[in-house]
file final13.cif (mmCIF, C-alpha atoms)
data_query
loop_
_atom_site.group_PDB
_atom_site.id
_atom_site.type_symbol
_atom_site.label_atom_id
_atom_site.label_comp_id
_atom_site.auth_asym_id
_atom_site.auth_seq_id
_atom_site.Cartn_x
_atom_site.Cartn_y
_atom_site.Cartn_z
ATOM 1 C CA MET E 204 16.628 -10.343 -14.709
ATOM 2 C CA ARG E 205 17.463 -9.673 -11.060
ATOM 3 C CA ALA E 206 15.309 -6.564 -11.094
ATOM 4 C CA PHE E 207 12.333 -8.482 -12.488
ATOM 5 C CA GLY E 208 12.968 -11.209 -9.929
ATOM 6 C CA ALA E 209 12.971 -8.633 -7.128
ATOM 7 C CA LEU E 210 9.735 -7.153 -8.451
ATOM 8 C CA GLY E 211 8.123 -10.575 -8.629
ATOM 9 C CA LEU E 212 9.236 -11.370 -5.078
ATOM 10 C CA SER E 213 7.765 -8.081 -3.886
ATOM 11 C CA VAL E 214 4.422 -8.799 -5.539
ATOM 12 C CA VAL E 215 4.222 -12.158 -3.767
ATOM 13 C CA CYS E 216 5.258 -10.633 -0.406
ATOM 14 C CA ILE E 217 2.649 -7.889 -0.700
ATOM 15 C CA ALA E 218 -0.073 -10.350 -1.681
ATOM 16 C CA TRP E 219 0.505 -12.310 1.534
ATOM 17 C CA SER E 220 -0.647 -9.369 3.670
ATOM 18 C CA ALA E 221 -4.347 -10.307 3.557
ATOM 19 C CA PRO E 222 -3.921 -13.980 4.542
ATOM 20 C CA LEU E 223 -1.510 -13.016 7.327
ATOM 21 C CA VAL E 224 -3.991 -10.488 8.721
ATOM 22 C CA ARG E 225 -6.705 -13.154 8.728
ATOM 23 C CA TRP E 226 -4.475 -15.747 10.370
ATOM 24 C CA ALA E 227 -3.324 -13.341 13.081
ATOM 25 C CA ASP E 228 -6.994 -13.004 14.076
ATOM 26 C CA VAL E 229 -6.472 -9.828 16.097
ATOM 27 C CA PRO E 230 -8.103 -6.387 15.635
ATOM 28 C CA GLY E 231 -6.996 -4.555 12.496
ATOM 29 C CA VAL E 232 -5.412 -1.695 14.442
ATOM 30 C CA THR E 233 -3.413 -4.188 16.487
ATOM 31 C CA SER E 234 -1.993 -6.030 13.480
ATOM 32 C CA ALA E 235 -1.220 -2.647 11.870
ATOM 33 C CA PHE E 236 0.727 -1.614 14.980
ATOM 34 C CA TYR E 237 2.827 -4.774 15.015
ATOM 35 C CA ARG E 238 3.451 -4.681 11.287
ATOM 36 C CA ALA E 239 4.912 -1.201 11.661
ATOM 37 C CA LEU E 240 6.719 -2.041 14.920
ATOM 38 C CA VAL E 241 8.452 -5.150 13.553
ATOM 39 C CA ALA E 242 9.587 -3.181 10.500
ATOM 40 C CA ALA E 243 10.841 -0.379 12.753
ATOM 41 C CA VAL E 244 12.868 -2.840 14.841
ATOM 42 C CA VAL E 245 14.711 -3.788 11.642
ATOM 43 C CA LEU E 246 14.937 -0.382 9.958
ATOM 44 C CA VAL E 247 15.794 1.971 12.833
ATOM 45 C CA PRO E 248 19.052 0.226 13.919
ATOM 46 C CA TYR E 249 20.143 -0.122 10.292
ATOM 47 C CA TRP E 250 19.436 3.550 9.645
ATOM 48 C CA LEU E 251 21.343 4.646 12.759
ATOM 49 C CA LEU E 252 24.380 2.515 11.854
ATOM 50 C CA SER E 253 24.457 3.410 8.155
ATOM 51 C CA ARG E 254 23.387 7.050 8.323
ATOM 52 C CA ARG E 255 25.718 9.431 6.509
ATOM 53 C CA GLY E 256 25.485 13.175 6.212
ATOM 54 C CA LYS E 257 23.221 15.499 8.114
ATOM 55 C CA MET E 258 19.604 14.981 9.020
ATOM 56 C CA PRO E 259 16.847 16.397 6.816
ATOM 57 C CA SER E 260 15.359 19.755 7.762
ATOM 58 C CA THR E 261 12.873 19.930 10.615
ATOM 59 C CA ARG E 262 10.060 20.618 8.153
ATOM 60 C CA ALA E 263 10.942 17.604 5.989
ATOM 61 C CA THR E 264 11.247 15.385 9.072
ATOM 62 C CA LEU E 265 7.845 16.437 10.404
ATOM 63 C CA ILE E 266 6.222 15.868 7.017
ATOM 64 C CA ALA E 267 7.747 12.381 6.795
ATOM 65 C CA LEU E 268 6.403 11.611 10.281
ATOM 66 C CA LEU E 269 2.970 12.961 9.314
ATOM 67 C CA GLY E 270 3.054 10.816 6.204
ATOM 68 C CA GLY E 271 3.806 7.841 8.419
ATOM 69 C CA ALA E 272 0.723 8.663 10.484
ATOM 70 C CA PHE E 273 -1.412 8.619 7.322
ATOM 71 C CA PHE E 274 0.194 5.346 6.291
ATOM 72 C CA GLY E 275 -0.530 3.814 9.685
ATOM 73 C CA MET E 276 -4.203 4.700 9.329
ATOM 74 C CA ASP E 277 -4.177 3.172 5.862
ATOM 75 C CA LEU E 278 -2.863 -0.082 7.327
ATOM 76 C CA ALA E 279 -5.376 -0.079 10.179
ATOM 77 C CA LEU E 280 -8.347 0.436 7.847
ATOM 78 C CA PHE E 281 -7.094 -2.102 5.301
ATOM 79 C CA ASN E 282 -6.461 -4.752 7.962
ATOM 80 C CA THR E 283 -9.901 -4.170 9.471
ATOM 81 C CA ALA E 284 -11.493 -4.384 6.023
ATOM 82 C CA VAL E 285 -9.791 -7.736 5.401
ATOM 83 C CA LEU E 286 -11.442 -9.068 8.567
ATOM 84 C CA LYS E 287 -14.887 -7.959 7.370
ATOM 85 C CA THR E 288 -15.074 -8.412 3.610
ATOM 86 C CA SER E 289 -13.464 -10.460 0.875
ATOM 87 C CA ALA E 290 -9.688 -10.090 1.067
ATOM 88 C CA THR E 291 -9.486 -9.744 -2.714
ATOM 89 C CA THR E 292 -12.080 -6.957 -2.756
ATOM 90 C CA ALA E 293 -10.296 -5.177 0.102
ATOM 91 C CA MET E 294 -6.969 -5.287 -1.754
ATOM 92 C CA VAL E 295 -8.407 -3.981 -5.021
ATOM 93 C CA LEU E 296 -10.433 -1.169 -3.435
ATOM 94 C CA THR E 297 -7.527 -0.068 -1.251
ATOM 95 C CA ASN E 298 -5.249 0.258 -4.255
ATOM 96 C CA ASN E 299 -7.221 3.074 -5.852
ATOM 97 C CA SER E 300 -4.634 5.463 -4.416
ATOM 98 C CA PRO E 301 -3.083 6.573 -7.759
ATOM 99 C CA VAL E 302 -6.479 7.817 -8.915
ATOM 100 C CA LEU E 303 -7.061 9.661 -5.635
ATOM 101 C CA VAL E 304 -3.591 11.190 -5.803
ATOM 102 C CA GLY E 305 -4.507 12.657 -9.179
ATOM 103 C CA LEU E 306 -7.665 14.164 -7.713
ATOM 104 C CA GLY E 307 -5.839 15.439 -4.646
ATOM 105 C CA THR E 308 -3.042 17.152 -6.539
ATOM 106 C CA TRP E 309 -5.644 18.769 -8.803
ATOM 107 C CA LEU E 310 -7.692 20.106 -5.895
ATOM 108 C CA LEU E 311 -4.781 21.079 -3.633
ATOM 109 C CA PHE E 312 -2.025 22.123 -6.045
ATOM 110 C CA ARG E 313 -4.024 22.963 -9.169
ATOM 111 C CA GLU E 314 -2.126 20.385 -11.211
ATOM 112 C CA ARG E 315 -4.705 19.806 -13.911
ATOM 113 C CA PRO E 316 -4.995 16.125 -14.909
ATOM 114 C CA LYS E 317 -4.841 15.002 -18.521
ATOM 115 C CA LEU E 318 -7.698 13.290 -20.352
ATOM 116 C CA THR E 319 -6.167 9.866 -19.682
ATOM 117 C CA PHE E 320 -6.533 10.472 -15.940
ATOM 118 C CA TRP E 321 -10.277 11.017 -16.265
ATOM 119 C CA ILE E 322 -10.568 7.858 -18.344
ATOM 120 C CA GLY E 323 -8.740 5.944 -15.619
ATOM 121 C CA LEU E 324 -10.947 7.537 -12.956
ATOM 122 C CA VAL E 325 -14.141 6.467 -14.711
ATOM 123 C CA LEU E 326 -12.842 2.904 -15.119
ATOM 124 C CA ALA E 327 -11.742 2.658 -11.484
ATOM 125 C CA LEU E 328 -14.973 4.109 -10.087
ATOM 126 C CA GLY E 329 -17.013 1.831 -12.326
ATOM 127 C CA GLY E 330 -15.086 -1.161 -11.045
ATOM 128 C CA CYS E 331 -15.616 -0.097 -7.418
ATOM 129 C CA ILE E 332 -19.363 0.228 -7.996
ATOM 130 C CA VAL E 333 -19.521 -3.245 -9.530
ATOM 131 C CA MET E 334 -17.571 -4.833 -6.654
ATOM 132 C CA VAL E 335 -19.507 -3.094 -3.885
ATOM 133 C CA GLY E 336 -22.775 -3.796 -5.710
ATOM 134 C CA GLY E 337 -21.868 -7.471 -5.799
ATOM 135 C CA ASP E 338 -21.329 -7.439 -2.033
ATOM 136 C CA MET E 339 -24.784 -5.932 -1.524
ATOM 137 C CA ILE E 340 -26.295 -9.148 -2.887
ATOM 138 C CA ARG E 341 -26.385 -11.333 0.172
ATOM 139 C CA PRO E 342 -26.308 -15.134 0.262
ATOM 140 C CA GLY E 343 -29.679 -16.553 1.180
ATOM 141 C CA ALA E 344 -31.498 -13.771 -0.633
ATOM 142 C CA GLY E 345 -30.978 -15.140 -4.111
ATOM 143 C CA GLY E 346 -27.537 -13.575 -4.488
ATOM 144 C CA VAL E 347 -23.970 -14.757 -4.530
ATOM 145 C CA GLY E 348 -22.105 -11.982 -2.704
ATOM 146 C CA ILE E 349 -19.608 -13.065 -0.039
ATOM 147 C CA GLY E 350 -18.350 -9.649 0.998
ATOM 148 C CA ASP E 351 -19.508 -6.934 3.355
ATOM 149 C CA VAL E 352 -20.362 -3.395 2.264
ATOM 150 C CA GLY E 353 -19.053 -1.938 5.527
ATOM 151 C CA GLY E 354 -15.737 -3.682 4.965
ATOM 152 C CA ASP E 355 -15.686 -2.407 1.397
ATOM 153 C CA MET E 356 -16.113 1.160 2.664
ATOM 154 C CA LEU E 357 -13.229 0.696 5.101
ATOM 155 C CA ALA E 358 -11.016 -0.477 2.227
ATOM 156 C CA ALA E 359 -12.010 2.570 0.178
ATOM 157 C CA ALA E 360 -11.230 4.809 3.159
ATOM 158 C CA ALA E 361 -7.814 3.156 3.435
ATOM 159 C CA SER E 362 -7.033 4.246 -0.125
ATOM 160 C CA VAL E 363 -7.844 7.845 0.866
ATOM 161 C CA PHE E 364 -5.290 7.742 3.676
ATOM 162 C CA PHE E 365 -2.634 6.202 1.455
ATOM 163 C CA ALA E 366 -3.268 8.886 -1.142
ATOM 164 C CA ALA E 367 -2.870 11.463 1.659
ATOM 165 C CA TYR E 368 0.448 9.797 2.532
ATOM 166 C CA LEU E 369 1.684 10.061 -1.068
ATOM 167 C CA ILE E 370 0.554 13.668 -1.496
ATOM 168 C CA THR E 371 1.966 14.758 1.876
ATOM 169 C CA THR E 372 5.377 13.179 1.469
ATOM 170 C CA GLY E 373 5.740 13.585 -2.294
ATOM 171 C CA ARG E 374 6.917 17.170 -1.895
ATOM 172 C CA VAL E 375 9.823 16.226 0.406
ATOM 173 C CA ARG E 376 10.689 12.691 -0.749
ATOM 174 C CA ALA E 377 13.465 13.854 -3.092
ATOM 175 C CA SER E 378 15.192 15.784 -0.288
ATOM 176 C CA MET E 379 16.248 12.649 1.627
ATOM 177 C CA ASP E 380 17.500 9.160 0.861
ATOM 178 C CA THR E 381 15.154 6.183 0.817
ATOM 179 C CA ILE E 382 16.242 4.630 4.124
ATOM 180 C CA THR E 383 15.926 7.916 6.039
ATOM 181 C CA PHE E 384 12.527 8.632 4.552
ATOM 182 C CA THR E 385 11.221 5.120 5.177
ATOM 183 C CA THR E 386 12.541 5.009 8.745
ATOM 184 C CA LEU E 387 11.002 8.347 9.701
ATOM 185 C CA ALA E 388 7.690 7.354 8.124
ATOM 186 C CA ILE E 389 7.589 4.003 9.899
ATOM 187 C CA ILE E 390 8.322 5.720 13.227
ATOM 188 C CA GLY E 391 5.339 7.974 12.569
ATOM 189 C CA SER E 392 3.245 4.881 11.839
ATOM 190 C CA VAL E 393 4.296 3.114 15.046
ATOM 191 C CA VAL E 394 3.509 6.118 17.252
ATOM 192 C CA THR E 395 0.169 6.746 15.557
ATOM 193 C CA MET E 396 -0.942 3.120 15.728
ATOM 194 C CA TRP E 397 0.061 2.883 19.397
ATOM 195 C CA MET E 398 -2.066 5.941 20.178
ATOM 196 C CA VAL E 399 -5.023 4.535 18.205
ATOM 197 C CA CYS E 400 -4.747 1.197 19.999
ATOM 198 C CA VAL E 401 -4.733 2.938 23.382
ATOM 199 C CA LEU E 402 -7.716 5.147 22.490
ATOM 200 C CA MET E 403 -9.701 2.172 21.169
ATOM 201 C CA ASN E 404 -8.626 -0.148 24.013
ATOM 202 C CA ALA E 405 -7.342 -2.549 21.379
ATOM 203 C CA PRO E 406 -5.288 -5.402 22.866
ATOM 204 C CA LEU E 407 -1.519 -5.316 22.402
ATOM 205 C CA VAL E 408 -0.815 -8.531 24.319
ATOM 206 C CA GLY E 409 -2.658 -11.645 25.402
ATOM 207 C CA PHE E 410 -3.216 -13.111 21.924
ATOM 208 C CA LYS E 411 -3.177 -16.759 21.004
ATOM 209 C CA ALA E 412 0.345 -18.050 20.446
ATOM 210 C CA SER E 413 -0.569 -18.736 16.821
ATOM 211 C CA ALA E 414 -1.033 -14.993 16.186
ATOM 212 C CA TRP E 415 2.613 -14.043 16.688
ATOM 213 C CA PRO E 416 4.120 -15.749 13.618
ATOM 214 C CA SER E 417 1.626 -13.931 11.389
ATOM 215 C CA LEU E 418 2.244 -10.564 13.092
ATOM 216 C CA ILE E 419 6.009 -10.941 12.743
ATOM 217 C CA ALA E 420 5.652 -12.050 9.114
ATOM 218 C CA LEU E 421 3.567 -8.960 8.360
ATOM 219 C CA GLY E 422 6.532 -6.810 9.367
ATOM 220 C CA LEU E 423 9.348 -8.916 7.937
ATOM 221 C CA VAL E 424 7.756 -10.308 4.768
ATOM 222 C CA THR E 425 5.256 -7.716 3.588
ATOM 223 C CA GLN E 426 6.854 -4.556 4.952
ATOM 224 C CA VAL E 427 10.638 -5.037 4.968
ATOM 225 C CA THR E 428 11.256 -7.661 2.271
ATOM 226 C CA GLY E 429 8.555 -6.363 -0.029
ATOM 227 C CA TYR E 430 9.762 -2.773 0.354
ATOM 228 C CA LEU E 431 13.386 -3.618 -0.383
ATOM 229 C CA GLY E 432 12.342 -5.582 -3.449
ATOM 230 C CA VAL E 433 10.277 -2.728 -4.860
ATOM 231 C CA THR E 434 13.027 -0.208 -4.129
ATOM 232 C CA TYR E 435 15.611 -2.400 -5.858
ATOM 233 C CA ALA E 436 13.340 -2.890 -8.891
ATOM 234 C CA LEU E 437 12.457 0.799 -9.187
ATOM 235 C CA GLY E 438 16.148 1.643 -9.301
ATOM 236 C CA ARG E 439 16.770 -0.657 -12.268
ATOM 237 C CA LEU E 440 13.547 -0.839 -14.282
ATOM 238 C CA PRO E 441 11.553 1.783 -16.166
ATOM 239 C CA THR E 442 8.714 2.963 -13.972
ATOM 240 C CA THR E 443 6.230 1.771 -16.608
ATOM 241 C CA ALA E 444 7.418 -1.815 -16.174
ATOM 242 C CA ALA E 445 7.476 -1.534 -12.396
ATOM 243 C CA SER E 446 4.005 -0.026 -12.139
ATOM 244 C CA VAL E 447 2.467 -2.610 -14.449
ATOM 245 C CA GLY E 448 4.238 -5.398 -12.576
ATOM 246 C CA LEU E 449 2.856 -4.197 -9.265
ATOM 247 C CA LEU E 450 -0.676 -4.531 -10.610
ATOM 248 C CA GLY E 451 -0.037 -8.254 -10.273
ATOM 249 C CA VAL E 452 -0.607 -7.936 -6.523
ATOM 250 C CA ALA E 453 -4.394 -8.135 -6.925
ATOM 251 C CA PRO E 454 -4.566 -11.379 -8.949
ATOM 252 C CA VAL E 455 -1.897 -13.012 -6.750
ATOM 253 C CA THR E 456 -3.903 -11.977 -3.680
ATOM 254 C CA ALA E 457 -7.003 -13.503 -5.259
ATOM 255 C CA LEU E 458 -5.136 -16.772 -5.893
ATOM 256 C CA LEU E 459 -3.855 -16.929 -2.314
ATOM 257 C CA ASP E 460 -7.320 -16.176 -0.982
ATOM 258 C CA VAL E 461 -8.853 -19.003 -2.997
ATOM 259 C CA VAL E 462 -6.189 -21.500 -1.928
ATOM 260 C CA PHE E 463 -5.542 -20.526 1.698
ATOM 261 C CA LEU E 464 -8.681 -18.668 2.801
ATOM 262 C CA GLY E 465 -11.247 -20.641 0.839
ATOM 263 C CA GLU E 466 -12.788 -17.534 -0.771
ATOM 264 C CA PRO E 467 -14.130 -18.346 -4.243
ATOM 265 C CA LEU E 468 -13.966 -15.500 -6.742
ATOM 266 C CA GLN E 469 -17.305 -13.976 -7.665
ATOM 267 C CA LEU E 470 -18.243 -12.618 -11.080
ATOM 268 C CA ALA E 471 -18.621 -9.099 -9.647
ATOM 269 C CA GLN E 472 -15.085 -9.295 -8.240
ATOM 270 C CA ILE E 473 -13.632 -10.410 -11.565
ATOM 271 C CA ILE E 474 -15.412 -7.740 -13.609
ATOM 272 C CA GLY E 475 -15.000 -4.960 -11.061
ATOM 273 C CA GLY E 476 -11.409 -5.841 -10.273
ATOM 274 C CA THR E 477 -10.514 -5.834 -13.955
ATOM 275 C CA LEU E 478 -12.036 -2.371 -14.371
ATOM 276 C CA VAL E 479 -10.223 -1.011 -11.310
ATOM 277 C CA LEU E 480 -6.862 -2.409 -12.422
ATOM 278 C CA ALA E 481 -7.427 -1.040 -15.925
ATOM 279 C CA GLY E 482 -8.109 2.396 -14.469
ATOM 280 C CA ILE E 483 -4.987 2.274 -12.292
ATOM 281 C CA PHE E 484 -2.951 1.130 -15.297
ATOM 282 C CA VAL E 485 -4.175 4.046 -17.416
ATOM 283 C CA VAL E 486 -3.327 6.572 -14.672
ATOM 284 C CA ASN E 487 0.061 5.003 -13.917
ATOM 285 C CA ARG E 488 1.054 4.637 -17.550
ATOM 286 C CA ARG E 489 0.459 8.321 -18.237
ATOM 287 C CA THR E 490 2.587 9.235 -15.219
ATOM 288 C CA ALA E 491 5.323 6.810 -16.201
ATOM 289 C CA ASP E 492 5.462 8.109 -19.752
ATOM 290 C CA ASN E 493 6.084 11.600 -18.401
ATOM 291 C CA THR E 494 8.805 10.766 -15.868
ATOM 292 C CA LEU E 495 11.204 7.886 -15.358
ATOM 293 C CA THR E 496 13.106 7.093 -12.187
ATOM 294 C CA LYS E 497 16.829 7.282 -12.834
ATOM 295 C CA ARG E 498 19.494 5.052 -11.379
ATOM 296 C CA ASN E 499 22.615 6.573 -9.812
ATOM 297 C CA ASP E 500 25.119 4.063 -8.498
ATOM 298 C CA ASN E 501 26.999 6.795 -6.654
ATOM 299 C CA ALA E 502 23.984 7.781 -4.557
ATOM 300 C CA SER E 503 23.612 6.175 -1.149
ATOM 301 C CA ASP E 504 20.214 4.692 -1.960
ATOM 302 C CA GLY E 505 20.662 4.177 -5.683
ATOM 303 C CA TYR E 506 18.667 7.213 -6.768
ATOM 304 C CA THR E 507 19.615 10.646 -7.886
ATOM 305 C CA GLN E 508 19.095 13.236 -5.178
ATOM 306 C CA ASP E 509 16.598 15.051 -7.344
ATOM 307 C CA ALA E 510 14.841 11.885 -8.501
ATOM 308 C CA PRO E 511 11.214 12.698 -9.220
ATOM 309 C CA VAL E 512 8.659 11.397 -6.764
ATOM 310 C CA THR E 513 6.682 9.929 -9.627
ATOM 311 C CA GLY E 514 8.390 6.590 -9.095
ATOM 312 C CA GLU E 515 7.089 6.573 -5.532
ATOM 313 C CA ARG E 516 3.551 7.291 -6.702
ATOM 314 C CA LEU E 517 3.702 4.505 -9.231
ATOM 315 C CA SER E 518 4.516 1.937 -6.574
ATOM 316 C CA VAL E 519 1.301 2.424 -4.659
ATOM 317 C CA GLU E 520 2.054 -0.822 -2.870
ATOM 318 C CA LEU E 521 5.439 0.475 -1.809
ATOM 319 C CA GLU E 522 4.727 0.736 1.887
ATOM 320 C CA ARG E 523 1.761 -1.589 2.083
ATOM 321 C CA LEU E 524 4.158 -4.466 1.513
#
call {"tool": "encode", "arguments": {"input": "final13.cif", "output": "structure tokens"}}
result
Amino acid sequence: MRAFGALGLSVVCIAWSAPLVRWADVPGVTSAFYRALVAAVVLVPYWLLSRRGKMPSTRATLIALLGGAFFGMDLALFNTAVLKTSATTAMVLTNNSPVLVGLGTWLLFRERPKLTFWIGLVLALGGCIVMVGGDMIRPGAGGVGIGDVGGDMLAAAASVFFAAYLITTGRVRASMDTITFTTLAIIGSVVTMWMVCVLMNAPLVGFKASAWPSLIALGLVTQVTGYLGVTYALGRLPTTAASVGLLGVAPVTALLDVVFLGEPLQLAQIIGGTLVLAGIFVVNRRTADNTLTKRNDNASDGYTQDAPVTGERLSVELERL
């Protein structure tokens, strides 16, 4: 029951990311920087104090940092999308990563997908088309769309970067414990987002006082608390249960958006979102049936050292928390 409770807590923490981004009311790259920075302030000291054994190889360290850079870009694009389009649409479109991972591993590593993957891909793409098509129908022109196509495209681009993060780091994830991997990745995110903010002249200070609670909550609630909850659940639940449970992020996000952001759900969002989630479920279920994450109470992070990275792929929300 504790594992299911942790998973449920994580879903709620993740779902709060969109409202917090809106309430911060700062550029998307800025909120992405502070989300990563606040998490790093918590994780880096803990990692330094609890670190045991030797550091990962230079190659593995660099790949983890590169993965963090991809993850930072994912956050920046997602946060910007939330400021432009419906928060629910942004969340659903961004979470197409499992489907893109399947495509990426096929193209890059010649890992041929099964038939179920293609079924999931068709469902997910169909759902994306329905949601974006709904946003093309503007209010005042006889339509009911409340979103923005440009924002939708940013959300879709975010899913590409998160897929790049999963593909890049998946090959080295099993060579290091969870805390080391997460800390190195978040350092890569902080550095990358700082550089992007500087290049774009995005403000890092001078916000309204009301922005800071939301920025801090993004790091503490969605990133740190959500991540720990997912990690705990993945160590104690079958990956099938965990992956299906994490699909609850989208409907919880929709509920929060209706209540706190005043965004009514549109028919295109309901139909398209259902198709996208069905596609993700089909892809994730096939992966979960092939490989389960195993618990090892003697390991420092609760996982076997050679634990398959499939569990990481299944929790596509894992670092978006």
call {"tool": "closest_residue", "arguments": {"input": "final13.cif", "among": "E:Val401, E:Cys216, E:Ile474, E:Ala420", "to": "Arg238 of chain E", "atoms": "all atoms listed in the file"}}
result
E:Ala420
call {"tool": "closest_residue", "arguments": {"input": "final13.cif", "among": "E:Leu357, E:Ile389, E:Leu480, E:Ala436", "to": "Val214 of chain E", "atoms": "all atoms listed in the file"}}
result
E:Ala436
call {"tool": "closest_residue", "arguments": {"input": "final13.cif", "among": "E:Ser213, E:Thr428, E:Gln469, E:Thr383", "to": "Ser253 of chain E", "atoms": "all atoms listed in the file"}}
result
E:Thr383
call {"tool": "closest_residue", "arguments": {"input": "final13.cif", "among": "E:Thr291, E:Thr264, E:Thr425, E:Thr283", "to": "Trp219 of chain E", "atoms": "all atoms listed in the file"}}
result
E:Thr425
call {"tool": "atom_distance", "arguments": {"input": "final13.cif", "atom1": "atom CA of Leu318 of chain E", "atom2": "atom CA of Arg374 of chain E"}}
result
23.9 Å
call {"tool": "resolve_selection", "arguments": {"input": "final13.cif", "expression": "the PyMOL selection byres ((chain E and resi 209) around 7)", "output": "VMD selection string"}}
result
chain E and resid 205 to 208 210 to 213 432 to 433 435 to 436
call {"tool": "write_last_selection", "arguments": {"input": "final13.cif", "atoms": "C-alpha atoms", "output": "PDB file, in the coordinates of the input"}}
result
ATOM      1  CA  ARG E 205      17.463  -9.673 -11.060  1.00  0.00           C
ATOM      2  CA  ALA E 206      15.309  -6.564 -11.094  1.00  0.00           C
ATOM      3  CA  PHE E 207      12.333  -8.482 -12.488  1.00  0.00           C
ATOM      4  CA  GLY E 208      12.968 -11.209  -9.929  1.00  0.00           C
ATOM      5  CA  LEU E 210       9.735  -7.153  -8.451  1.00  0.00           C
ATOM      6  CA  GLY E 211       8.123 -10.575  -8.629  1.00  0.00           C
ATOM      7  CA  LEU E 212       9.236 -11.370  -5.078  1.00  0.00           C
ATOM      8  CA  SER E 213       7.765  -8.081  -3.886  1.00  0.00           C
ATOM      9  CA  GLY E 432      12.342  -5.582  -3.449  1.00  0.00           C
ATOM     10  CA  VAL E 433      10.277  -2.728  -4.860  1.00  0.00           C
ATOM     11  CA  TYR E 435      15.611  -2.400  -5.858  1.00  0.00           C
ATOM     12  CA  ALA E 436      13.340  -2.890  -8.891  1.00  0.00           C
TER      13      ALA E 436
END
call {"tool": "resolve_selection", "arguments": {"input": "final13.cif", "expression": "the PyMOL selection byres ((chain E and resi 265) around 12)", "output": "PyMOL selection string"}}
result
chain E and resi 258-264+266-272+371-372+375+384+387-388+390-391
call {"tool": "atom_distance", "arguments": {"input": "final13.cif", "atom1": "atom CA of Met396 of chain E", "atom2": "atom CA of Arg255 of chain E"}}
result
28.9 Å
